[in-house]
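With PDB, C-alpha atoms and all ligand atoms inside, this is structure.pdb:
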ATOM      1  CA  MET W   1       6.813 125.565  37.379
ATOM      2  CA  ALA W   2       8.351 122.089  37.331
ATOM      3  CA  SER W   3       7.323 119.828  34.448
ATOM      4  CA  PRO W   4       5.359 116.658  35.335
ATOM      5  CA  PHE W   5       8.455 114.674  34.352
ATOM      6  CA  LEU W   6      10.648 116.654  36.676
ATOM      7  CA  LYS W   7       8.170 116.123  39.502
ATOM      8  CA  LYS W   8       8.096 112.398  38.907
ATOM      9  CA  LEU W   9      11.864 112.243  38.557
ATOM     10  CA  LYS W  10      12.204 114.148  41.812
ATOM     11  CA  ARG W  11       9.921 111.655  43.509
ATOM     12  CA  GLY W  12      11.939 108.816  42.008
ATOM     13  CA  LEU W  13      15.155 110.426  43.109
ATOM     14  CA  PHE W  14      13.749 111.330  46.497
ATOM     15  CA  MET W  15      16.213 109.285  48.524
ATOM     16  CA  THR W  16      19.238 110.374  46.529
ATOM     17  CA  HIS W  17      18.093 113.961  46.462
ATOM     18  CA  THR W  18      17.334 114.149  50.176
ATOM     19  CA  GLU W  19      20.548 112.524  51.262
ATOM     20  CA  PHE W  20      22.574 114.536  48.792
ATOM     21  CA  LEU W  21      21.096 117.835  49.905
ATOM     22  CA  GLU W  22      21.358 116.910  53.552
ATOM     23  CA  LYS W  23      25.074 116.478  53.118
ATOM     24  CA  VAL W  24      25.731 119.206  50.629
ATOM     25  CA  GLY W  25      22.956 121.685  51.324
ATOM     26  CA  GLU W  26      24.780 123.898  53.697
ATOM     27  CA  ALA W  27      27.905 123.956  51.576
ATOM     28  CA  ILE W  28      26.157 124.998  48.368
ATOM     29  CA  ARG W  29      23.467 127.245  49.823
ATOM     30  CA  ARG W  30      25.557 129.956  51.327
ATOM     31  CA  THR W  31      27.555 132.950  50.332
ATOM     32  CA  GLY W  32      30.930 134.144  51.444
ATOM     33  CA  PRO W  33      34.397 132.685  51.185
ATOM     34  CA  VAL W  34      34.713 129.013  50.255
ATOM     35  CA  ALA W  35      36.072 126.985  53.156
ATOM     36  CA  PRO W  36      37.757 123.582  52.704
ATOM     37  CA  GLU W  37      34.824 121.988  54.592
ATOM     38  CA  HIS W  38      32.475 123.016  51.797
ATOM     39  CA  LEU W  39      34.428 121.015  49.271
ATOM     40  CA  ASP W  40      34.694 118.118  51.716
ATOM     41  CA  ARG W  41      30.940 118.195  52.113
ATOM     42  CA  ILE W  42      30.394 118.058  48.352
ATOM     43  CA  GLU W  43      32.879 115.210  48.087
ATOM     44  CA  GLU W  44      31.118 113.269  50.811
ATOM     45  CA  ALA W  45      27.693 113.783  49.238
ATOM     46  CA  LEU W  46      28.862 112.644  45.810
ATOM     47  CA  MET W  47      30.595 109.600  47.293
ATOM     48  CA  ALA W  48      27.468 108.636  49.228
ATOM     49  CA  SER W  49      25.386 108.851  46.055
ATOM     50  CA  ASP W  50      27.729 106.254  44.494
ATOM     51  CA  ALA W  51      29.047 108.501  41.761
ATOM     52  CA  GLY W  52      32.336 106.558  41.907
ATOM     53  CA  VAL W  53      35.581 107.413  43.671
ATOM     54  CA  ASP W  54      37.657 108.438  40.645
ATOM     55  CA  LEU W  55      34.987 110.705  39.274
ATOM     56  CA  VAL W  56      34.257 112.337  42.620
ATOM     57  CA  LEU W  57      37.920 113.085  43.271
ATOM     58  CA  ARG W  58      38.263 114.556  39.792
ATOM     59  CA  LEU W  59      35.155 116.711  40.178
ATOM     60  CA  VAL W  60      36.139 118.034  43.565
ATOM     61  CA  ASP W  61      39.756 118.613  42.531
ATOM     62  CA  GLY W  62      38.394 120.635  39.633
ATOM     63  CA  LEU W  63      36.326 122.768  41.982
ATOM     64  CA  ARG W  64      39.299 123.167  44.319
ATOM     65  CA  ASP W  65      41.449 124.374  41.433
ATOM     66  CA  ASP W  66      38.747 126.859  40.512
ATOM     67  CA  VAL W  67      38.726 128.182  44.066
ATOM     68  CA  ARG W  68      42.510 128.394  44.145
ATOM     69  CA  SER W  69      42.704 130.210  40.834
ATOM     70  CA  GLY W  70      39.929 132.601  41.790
ATOM     71  CA  ARG W  71      37.473 131.398  39.118
ATOM     72  CA  ILE W  72      35.242 130.565  42.063
ATOM     73  CA  GLY W  73      35.462 133.506  44.417
ATOM     74  CA  ASP W  74      32.346 132.921  46.492
ATOM     75  CA  ALA W  75      30.504 129.898  47.871
ATOM     76  CA  ALA W  76      27.451 130.940  45.870
ATOM     77  CA  GLN W  77      29.358 129.919  42.733
ATOM     78  CA  LEU W  78      29.896 126.333  43.896
ATOM     79  CA  GLU W  79      26.488 125.071  42.883
ATOM     80  CA  PRO W  80      26.536 126.481  39.334
ATOM     81  CA  ALA W  81      30.087 125.201  38.882
ATOM     82  CA  LEU W  82      29.134 121.720  40.064
ATOM     83  CA  ARG W  83      26.004 121.750  37.921
ATOM     84  CA  GLU W  84      28.024 122.704  34.854
ATOM     85  CA  ARG W  85      30.524 119.901  35.403
ATOM     86  CA  LEU W  86      27.839 117.279  35.947
ATOM     87  CA  LEU W  87      25.959 118.379  32.847
ATOM     88  CA  ALA W  88      29.103 118.390  30.705
ATOM     89  CA  LEU W  89      29.861 114.850  31.821
ATOM     90  CA  LEU W  90      26.357 113.586  31.019
ATOM     91  CA  ARG W  91      26.261 115.388  27.668
ATOM     92  CA  ARG W  92      29.590 113.889  26.625
ATOM     93  CA  ALA W  93      28.193 110.398  27.129
ATOM     94  CA  GLU W  94      25.059 111.340  25.169
ATOM     95  CA  GLU W  95      27.009 112.741  22.256
ATOM     96  CA  GLY W  96      29.093 109.595  22.084
ATOM     97  CA  ALA W  97      26.024 107.452  21.347
ATOM     98  CA  VAL W  98      23.469 108.900  18.978
ATOM     99  CA  PRO W  99      20.400 106.615  18.708
ATOM    100  CA  ARG W 100      20.204 104.696  15.445
ATOM    101  CA  GLN W 101      17.058 104.737  13.395
ATOM    102  CA  ALA W 102      15.937 101.794  11.309
ATOM    103  CA  PRO W 103      16.180 102.431   7.535
ATOM    104  CA  VAL W 104      13.453  99.808   7.102
ATOM    105  CA  PRO W 105      11.120  98.683   9.881
ATOM    106  CA  PRO W 106      11.001  97.131  12.325
ATOM    107  CA  ARG W 107      13.400  98.902  14.646
ATOM    108  CA  VAL W 108      14.793  96.186  16.911
ATOM    109  CA  THR W 109      15.787  96.879  20.518
ATOM    110  CA  LEU W 110      17.413  94.282  22.771
ATOM    111  CA  LEU W 111      17.179  94.545  26.537
ATOM    112  CA  VAL W 112      20.094  92.804  28.228
ATOM    113  CA  GLY W 113      21.383  92.586  31.770
ATOM    114  CA  VAL W 114      21.673  90.253  34.717
ATOM    115  CA  ASN W 115      18.708  88.605  36.386
ATOM    116  CA  GLY W 116      16.314  90.710  38.381
ATOM    117  CA  THR W 117      17.512  94.091  37.143
ATOM    118  CA  GLY W 118      14.161  94.854  35.508
ATOM    119  CA  LYS W 119      14.503  93.812  31.854
ATOM    120  CA  THR W 120      11.013  92.374  31.482
ATOM    121  CA  THR W 121       9.327  95.226  33.321
ATOM    122  CA  THR W 122      11.294  97.822  31.370
ATOM    123  CA  ALA W 123      10.462  96.159  28.037
ATOM    124  CA  ALA W 124       6.774  96.398  28.975
ATOM    125  CA  LYS W 125       7.092 100.007  30.108
ATOM    126  CA  ILE W 126       8.796 101.032  26.858
ATOM    127  CA  ALA W 127       6.183  99.146  24.822
ATOM    128  CA  HIS W 128       3.443 100.973  26.707
ATOM    129  CA  ARG W 129       5.058 104.335  26.082
ATOM    130  CA  LEU W 130       5.476 103.643  22.359
ATOM    131  CA  LYS W 131       1.862 102.537  22.129
ATOM    132  CA  GLU W 132       0.671 105.680  23.915
ATOM    133  CA  ARG W 133       2.537 107.681  21.287
ATOM    134  CA  GLY W 134       0.537 105.885  18.613
ATOM    135  CA  GLU W 135       3.376 103.605  17.485
ATOM    136  CA  THR W 136       3.042  99.903  16.780
ATOM    137  CA  VAL W 137       5.101  97.549  18.883
ATOM    138  CA  LEU W 138       5.626  93.842  19.424
ATOM    139  CA  LEU W 139       7.307  92.129  22.360
ATOM    140  CA  ALA W 140       9.589  89.126  21.844
ATOM    141  CA  ALA W 141       9.941  86.716  24.767
ATOM    142  CA  ALA W 142      13.549  85.660  24.204
ATOM    143  CA  ASP W 143      14.134  84.789  27.845
ATOM    144  CA  THR W 144      13.287  81.142  27.328
ATOM    145  CA  PHE W 145      15.337  79.976  30.294
ATOM    146  CA  ARG W 146      12.364  79.937  32.647
ATOM    147  CA  ALA W 147       8.709  79.442  31.726
ATOM    148  CA  ALA W 148       7.790  82.085  34.303
ATOM    149  CA  ALA W 149       9.698  84.715  32.321
ATOM    150  CA  VAL W 150       7.518  84.161  29.265
ATOM    151  CA  ASP W 151       4.354  84.244  31.384
ATOM    152  CA  GLN W 152       5.422  87.488  33.013
ATOM    153  CA  LEU W 153       5.901  89.142  29.623
ATOM    154  CA  LYS W 154       2.558  87.746  28.381
ATOM    155  CA  VAL W 155       0.763  89.242  31.373
ATOM    156  CA  TRP W 156       2.271  92.659  30.656
ATOM    157  CA  ALA W 157       1.544  92.374  26.930
ATOM    158  CA  ASP W 158      -2.135  91.584  27.655
ATOM    159  CA  ARG W 159      -2.416  94.416  30.091
ATOM    160  CA  ILE W 160      -1.023  97.035  27.700
ATOM    161  CA  GLY W 161      -2.595  95.492  24.620
ATOM    162  CA  VAL W 162       0.407  94.714  22.450
ATOM    163  CA  PRO W 163       1.216  91.417  20.694
ATOM    164  CA  VAL W 164       3.869  89.112  22.097
ATOM    165  CA  VAL W 165       5.787  86.386  20.263
ATOM    166  CA  HIS W 166       6.930  83.446  22.349
ATOM    167  CA  GLN W 167       7.826  79.771  22.161
ATOM    168  CA  GLN W 168       8.041  77.007  24.728
ATOM    169  CA  GLU W 169      10.497  77.010  27.634
ATOM    170  CA  GLY W 170      14.011  76.100  26.522
ATOM    171  CA  ALA W 171      13.441  77.225  22.918
ATOM    172  CA  ASP W 172      16.260  78.911  21.040
ATOM    173  CA  PRO W 173      16.001  82.666  21.783
ATOM    174  CA  ALA W 174      17.357  83.433  18.313
ATOM    175  CA  ALA W 175      14.426  81.488  16.850
ATOM    176  CA  VAL W 176      12.013  83.569  18.932
ATOM    177  CA  VAL W 177      13.623  86.733  17.592
ATOM    178  CA  PHE W 178      13.432  85.376  14.043
ATOM    179  CA  ASP W 179       9.691  84.721  14.521
ATOM    180  CA  ALA W 180       9.117  88.078  16.153
ATOM    181  CA  ILE W 181      10.745  89.959  13.287
ATOM    182  CA  ALA W 182       8.808  87.934  10.723
ATOM    183  CA  ALA W 183       5.557  88.694  12.578
ATOM    184  CA  ALA W 184       6.402  92.386  12.781
ATOM    185  CA  LYS W 185       7.139  92.541   9.053
ATOM    186  CA  ALA W 186       3.935  90.678   8.184
ATOM    187  CA  ARG W 187       1.841  93.003  10.351
ATOM    188  CA  GLY W 188       3.658  96.222   9.524
ATOM    189  CA  ILE W 189       4.783  96.746  13.118
ATOM    190  CA  ALA W 190       7.399  99.453  13.661
ATOM    191  CA  HIS W 191       9.136  98.317  16.848
ATOM    192  CA  VAL W 192      10.286  94.977  18.191
ATOM    193  CA  LEU W 193      11.417  94.906  21.819
ATOM    194  CA  VAL W 194      13.352  91.789  22.757
ATOM    195  CA  ASP W 195      13.359  90.641  26.380
ATOM    196  CA  THR W 196      16.404  88.416  26.939
ATOM    197  CA  ALA W 197      17.606  86.046  29.663
ATOM    198  CA  GLY W 198      19.838  87.334  32.416
ATOM    199  CA  ARG W 199      21.062  83.947  33.436
ATOM    200  CA  LEU W 200      21.997  80.658  31.823
ATOM    201  CA  HIS W 201      23.973  77.679  33.065
ATOM    202  CA  THR W 202      27.142  79.608  32.351
ATOM    203  CA  ARG W 203      27.950  83.192  31.475
ATOM    204  CA  ALA W 204      29.827  82.080  28.347
ATOM    205  CA  ASN W 205      26.637  80.407  27.117
ATOM    206  CA  LEU W 206      24.647  83.530  27.809
ATOM    207  CA  MET W 207      27.059  85.684  25.831
ATOM    208  CA  LYS W 208      27.042  83.194  22.955
ATOM    209  CA  GLU W 209      23.271  83.232  22.987
ATOM    210  CA  LEU W 210      23.099  87.034  22.911
ATOM    211  CA  GLU W 211      25.595  87.085  20.060
ATOM    212  CA  LYS W 212      23.427  84.676  18.089
ATOM    213  CA  VAL W 213      20.343  86.799  18.745
ATOM    214  CA  ARG W 214      22.210  89.822  17.403
ATOM    215  CA  ARG W 215      23.345  87.934  14.307
ATOM    216  CA  VAL W 216      19.874  86.684  13.500
ATOM    217  CA  ALA W 217      18.341  90.129  14.018
ATOM    218  CA  GLY W 218      20.993  91.658  11.759
ATOM    219  CA  ARG W 219      20.330  89.117   9.053
ATOM    220  CA  GLU W 220      16.589  89.753   9.083
ATOM    221  CA  VAL W 221      16.557  93.564   9.318
ATOM    222  CA  GLU W 222      19.136  95.990   8.014
ATOM    223  CA  GLY W 223      21.116  97.516  10.866
ATOM    224  CA  ALA W 224      19.460  95.440  13.609
ATOM    225  CA  PRO W 225      19.711  95.444  16.524
ATOM    226  CA  HIS W 226      19.324  99.206  16.326
ATOM    227  CA  GLU W 227      19.662  99.603  20.045
ATOM    228  CA  VAL W 228      21.039  97.404  22.810
ATOM    229  CA  LEU W 229      19.888  98.639  26.192
ATOM    230  CA  LEU W 230      21.695  97.411  29.251
ATOM    231  CA  VAL W 231      19.290  97.266  32.165
ATOM    232  CA  LEU W 232      20.999  98.116  35.457
ATOM    233  CA  ASP W 233      19.561  98.101  38.944
ATOM    234  CA  ALA W 234      20.403 101.392  40.670
ATOM    235  CA  THR W 235      20.179  99.796  44.101
ATOM    236  CA  THR W 236      23.355  97.835  43.321
ATOM    237  CA  GLY W 237      25.139 101.151  42.877
ATOM    238  CA  SER W 238      28.597 101.002  41.402
ATOM    239  CA  ASN W 239      28.579  97.172  41.408
ATOM    240  CA  GLY W 240      26.287  97.629  38.455
ATOM    241  CA  ILE W 241      29.169  99.242  36.603
ATOM    242  CA  GLU W 242      31.168  96.039  36.833
ATOM    243  CA  GLN W 243      28.187  94.109  35.438
ATOM    244  CA  ALA W 244      27.946  96.625  32.647
ATOM    245  CA  ARG W 245      31.601  96.205  31.753
ATOM    246  CA  ARG W 246      31.154  92.478  31.419
ATOM    247  CA  PHE W 247      28.064  92.844  29.272
ATOM    248  CA  GLY W 248      29.444  95.699  27.183
ATOM    249  CA  ALA W 249      32.423  93.679  26.095
ATOM    250  CA  THR W 250      30.280  91.175  24.238
ATOM    251  CA  ALA W 251      26.909  92.654  23.631
ATOM    252  CA  GLY W 252      27.840  96.039  22.159
ATOM    253  CA  VAL W 253      25.681  98.077  24.479
ATOM    254  CA  ASP W 254      24.368 101.458  23.251
ATOM    255  CA  GLY W 255      22.789 102.804  26.391
ATOM    256  CA  VAL W 256      21.477 102.077  29.839
ATOM    257  CA  ALA W 257      18.038 101.769  31.387
ATOM    258  CA  LEU W 258      18.607 102.423  35.070
ATOM    259  CA  THR W 259      15.858 100.867  37.170
ATOM    260  CA  LYS W 260      14.732 101.158  40.792
ATOM    261  CA  LEU W 261      15.962 104.692  41.320
ATOM    262  CA  ASP W 262      12.926 105.060  43.553
ATOM    263  CA  GLY W 263      14.358 102.642  46.085
ATOM    264  CA  THR W 264      17.845 103.993  46.584
ATOM    265  CA  ALA W 265      19.984 106.953  47.531
ATOM    266  CA  LYS W 266      22.531 105.812  44.942
ATOM    267  CA  GLY W 267      21.282 108.008  42.104
ATOM    268  CA  GLY W 268      24.834 109.222  41.550
ATOM    269  CA  VAL W 269      25.389 105.947  39.721
ATOM    270  CA  VAL W 270      24.009 107.790  36.665
ATOM    271  CA  LEU W 271      27.200 109.849  36.783
ATOM    272  CA  ALA W 272      29.382 106.779  37.261
ATOM    273  CA  ILE W 273      27.789 105.149  34.213
ATOM    274  CA  ALA W 274      28.441 108.189  32.048
ATOM    275  CA  ASP W 275      31.985 108.566  33.316
ATOM    276  CA  GLY W 276      33.127 104.975  33.759
ATOM    277  CA  LEU W 277      31.401 103.401  30.774
ATOM    278  CA  GLY W 278      30.907 106.402  28.536
ATOM    279  CA  LEU W 279      27.331 105.194  28.105
ATOM    280  CA  PRO W 280      24.298 107.439  28.171
ATOM    281  CA  VAL W 281      21.422 106.601  30.469
ATOM    282  CA  ARG W 282      18.357 106.530  28.209
ATOM    283  CA  TRP W 283      15.644 105.611  30.696
ATOM    284  CA  VAL W 284      15.168 105.672  34.405
ATOM    285  CA  GLY W 285      12.775 103.397  36.259
ATOM    286  CA  VAL W 286      11.101 105.074  39.204
ATOM    287  CA  GLY W 287       8.597 102.441  40.333
ATOM    288  CA  GLU W 288       6.932  99.147  39.512
ATOM    289  CA  GLY W 289       3.963 100.611  37.644
ATOM    290  CA  ILE W 290       3.670 100.699  33.868
ATOM    291  CA  ASP W 291       4.025 104.510  33.810
ATOM    292  CA  ASP W 292       7.045 104.532  36.092
ATOM    293  CA  LEU W 293       9.642 104.943  33.389
ATOM    294  CA  LEU W 294      11.050 108.289  32.328
ATOM    295  CA  PRO W 295      13.172 109.195  29.344
ATOM    296  CA  PHE W 296      16.422 110.443  30.797
ATOM    297  CA  ASP W 297      17.160 114.136  30.489
ATOM    298  CA  ALA W 298      20.534 115.330  31.734
ATOM    299  CA  ALA W 299      19.418 118.829  32.715
ATOM    300  CA  GLU W 300      16.348 117.560  34.569
ATOM    301  CA  PHE W 301      18.438 114.971  36.369
ATOM    302  CA  VAL W 302      20.909 117.571  37.596
ATOM    303  CA  ASP W 303      18.017 119.830  38.641
ATOM    304  CA  ALA W 304      16.345 116.988  40.505
ATOM    305  CA  LEU W 305      19.600 116.260  42.307
ATOM    306  CA  LEU W 306      20.563 119.795  43.277
ATOM    307  CA  GLU W 307      17.394 121.819  43.602
ATOM    308  CA  GLY W 308      15.952 122.110  47.061
TER     309      GLY W 308
HETATM  310  N1  LIG E   1      10.749  99.853  42.599
HETATM  311  C1  LIG E   1      11.011  99.477  41.349
HETATM  312  N2  LIG E   1      10.958  98.177  41.031
HETATM  313  C2  LIG E   1      11.237  97.811  39.755
HETATM  314  C3  LIG E   1      11.604  98.764  38.772
HETATM  315  N3  LIG E   1      11.837  98.082  37.616
HETATM  316  C4  LIG E   1      11.621  96.776  37.884
HETATM  317  N4  LIG E   1      11.269  96.595  39.170
HETATM  318  C5  LIG E   1      10.953  95.334  39.870
HETATM  319  O1  LIG E   1      12.104  94.492  39.882
HETATM  320  C6  LIG E   1      11.725  93.116  39.858
HETATM  321  C7  LIG E   1      12.467  92.390  38.751
HETATM  322  O2  LIG E   1      12.014  92.880  37.498
HETATM  323  P1  LIG E   1      12.035  92.017  36.169
HETATM  324  O3  LIG E   1      11.532  92.900  35.079
HETATM  325  O4  LIG E   1      11.357  90.722  36.364
HETATM  326  O5  LIG E   1      13.613  91.767  36.007
HETATM  327  P2  LIG E   1      14.392  90.861  34.934
HETATM  328  O6  LIG E   1      14.768  89.599  35.645
HETATM  329  O7  LIG E   1      15.609  91.640  34.555
HETATM  330  O8  LIG E   1      13.487  90.647  33.793
HETATM  331  C8  LIG E   1      10.220  93.115  39.695
HETATM  332  O9  LIG E   1       9.629  92.909  40.952
HETATM  333  C9  LIG E   1       9.893  94.522  39.182
HETATM  334  O10 LIG E   1       8.604  94.949  39.547
HETATM  335  C10 LIG E   1      11.680 100.163  39.156
HETATM  336  O11 LIG E   1      12.008 101.069  38.386
HETATM  337  N5  LIG E   1      11.381 100.441  40.452
HETATM  338 MG    MG E   2      12.846  88.926  32.928
END
Please rewrite the model in this file as structure tokens.
Amino acid sequence: MASPFLKKLKRGLFMTHTEFLEKVGEAIRRTGPVAPEHLDRIEEALMASDAGVDLVLRLVDGLRDDVRSGRIGDAAQLEPALRERLLALLRRAEEGAVPRQAPVPPRVTLLVGVNGTGKTTTAAKIAHRLKERGETVLLAAADTFRAAAVDQLKVWADRIGVPVVHQQEGADPAAVVFDAIAAAKARGIAHVLVDTAGRLHTRANLMKELEKVRRVAGREVEGAPHEVLLVLDATTGSNGIEQARRFGATAGVDGVALTKLDGTAKGGVVLAIADGLGLPVRWVGVGEGIDDLLPFDAAEFVDALLEG
């Protein structure tokens, strides 16, 4: 019986899953000798899911070697072999980035990423989830670039019933974070989620601003920020990887929240993130609703991708 999470993930991954299985289904659901077309089919399916050229070639070469050496003697072994390789890849990225706890509260999480990827929505979704678990949480509106960004976060905060700290448009985001941390300390709140800007007049300014936010957080709470989540839009596929590289260089990213998986067949980008960036995906967004965020689980992801 599939878990509710797996069901929801499968719905979120519907397009990726369907297209993947359409391409690969016949190749991995048969028995008998492995023909070169089977491996071609797997290669094509992985490419179409935007898993990234280098990774796909490596994966398929690995399978081909296994066939040549006799480790894979029958087509029925292709699926388990592929599953094992995908899982190993995802687990490696997870092991490379163990989440940091906060020795003293609050635990501070920054959400960073380019405009429109889903930072504000994801901050609200995580806040909601923490609240449902009985944890205390405060949102910090550090995207001060546009007044609308603050309003959007305030609307979410009202709806889920968590406090939000904000200042006027154009305020210094580091000052907002300073205030937010002070408020959290005063009220004994365990988590501060910081929504940041995805765009400024120049990228250099944006990076400087994020750096200042980090410095201020670190000065106010030991070890902060405890987590920097890069929010990536799955519909941009492997272009998102390039964005991530640019952000990672400056912002010291710990993990990825991959949004909009519900609207794309490019779910293989999860694999490209793990392989190309060595970053674990922590969350996946599977819709616009407040509950449409799932903690990422490597085994469930691979199941959702491969199981018919
Ligand atoms: N379908 C879908 N839409 C999403 C998801 N996450 C965010 N969005 C939508 O993407 C748009 C941009 O989100 P927003 O949080 O404002 O992005 P930001 O600019 O990075 O803060 C909004 O319309 C969101 O509703 C998701 O997982 N699935
Ligand atoms: Mg925003």
(request) Could you give me, as a PyMOL selection string, every polymer residue with an atom at most 10 Å away from an atom of ligand LIG 1 (chain E), counting all atoms listed in the file? (result) chain W and resi 12+111-125+143+148-150+152-153+195-199+230-235+257-264+283-294
What are the closest atom pairs, with distances in Å to one decimal, for all residues of range 73-143 of chain W lying within 7 Å of range 31-49 of chain W? Consider all atoms listed in the file, order rows by chain and residue number, and present the result as CSV.
residue,atom,partner,partner_atom,distance
W:Gly73,CA,W:Pro33,CA,6.9
W:Asp74,CA,W:Pro33,CA,5.1
W:Ala75,CA,W:Thr31,CA,4.9
W:Ala76,CA,W:Thr31,CA,4.9
>> Evaluated on this file, the PyMOL selection byres (((chain W and resi 108) around 7) and not hetatm) picks out some residues - which ones are they, written as a list of chain:residue names?
In response: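 So the PyMOL selection byres (((chain W and resi 108) around 7) and not hetatm) ends up selecting W:Pro106, W:Arg107, W:Thr109, W:Leu110, W:His191, W:Val192, W:Leu193, W:Ala224, W:Pro225, W:His226, W:Glu227.
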- request: List the neighbours of range 78-92 of chain W out to 7 Å using only C-alpha atoms; skip same-chain residues closer than 6 positions along the sequence, and give me the result as a PyMOL selection string.
  value: chain W and resi 28+271+274-275+298-299+302
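The space separating CA of Leu63 in chain W from CA of Glu94 in chain W comes to 23.2 Å.
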Item to complete: Give the answer as one residue: which of W:Gly70, W:Arg146, W:Val256, W:Asp151 has the shortest atom-to-atom distance to Pro295 in chain W, using only C-alpha atoms?
Response: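 Selected residue with least distance to Pro295 in chain W: W:Val256.
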Nearest to Lys10 in chain W, restricted to only C-alpha atoms and choosing among W:Arg245, W:Gly267, W:Val162, W:Asp61, comes out as W:Gly267
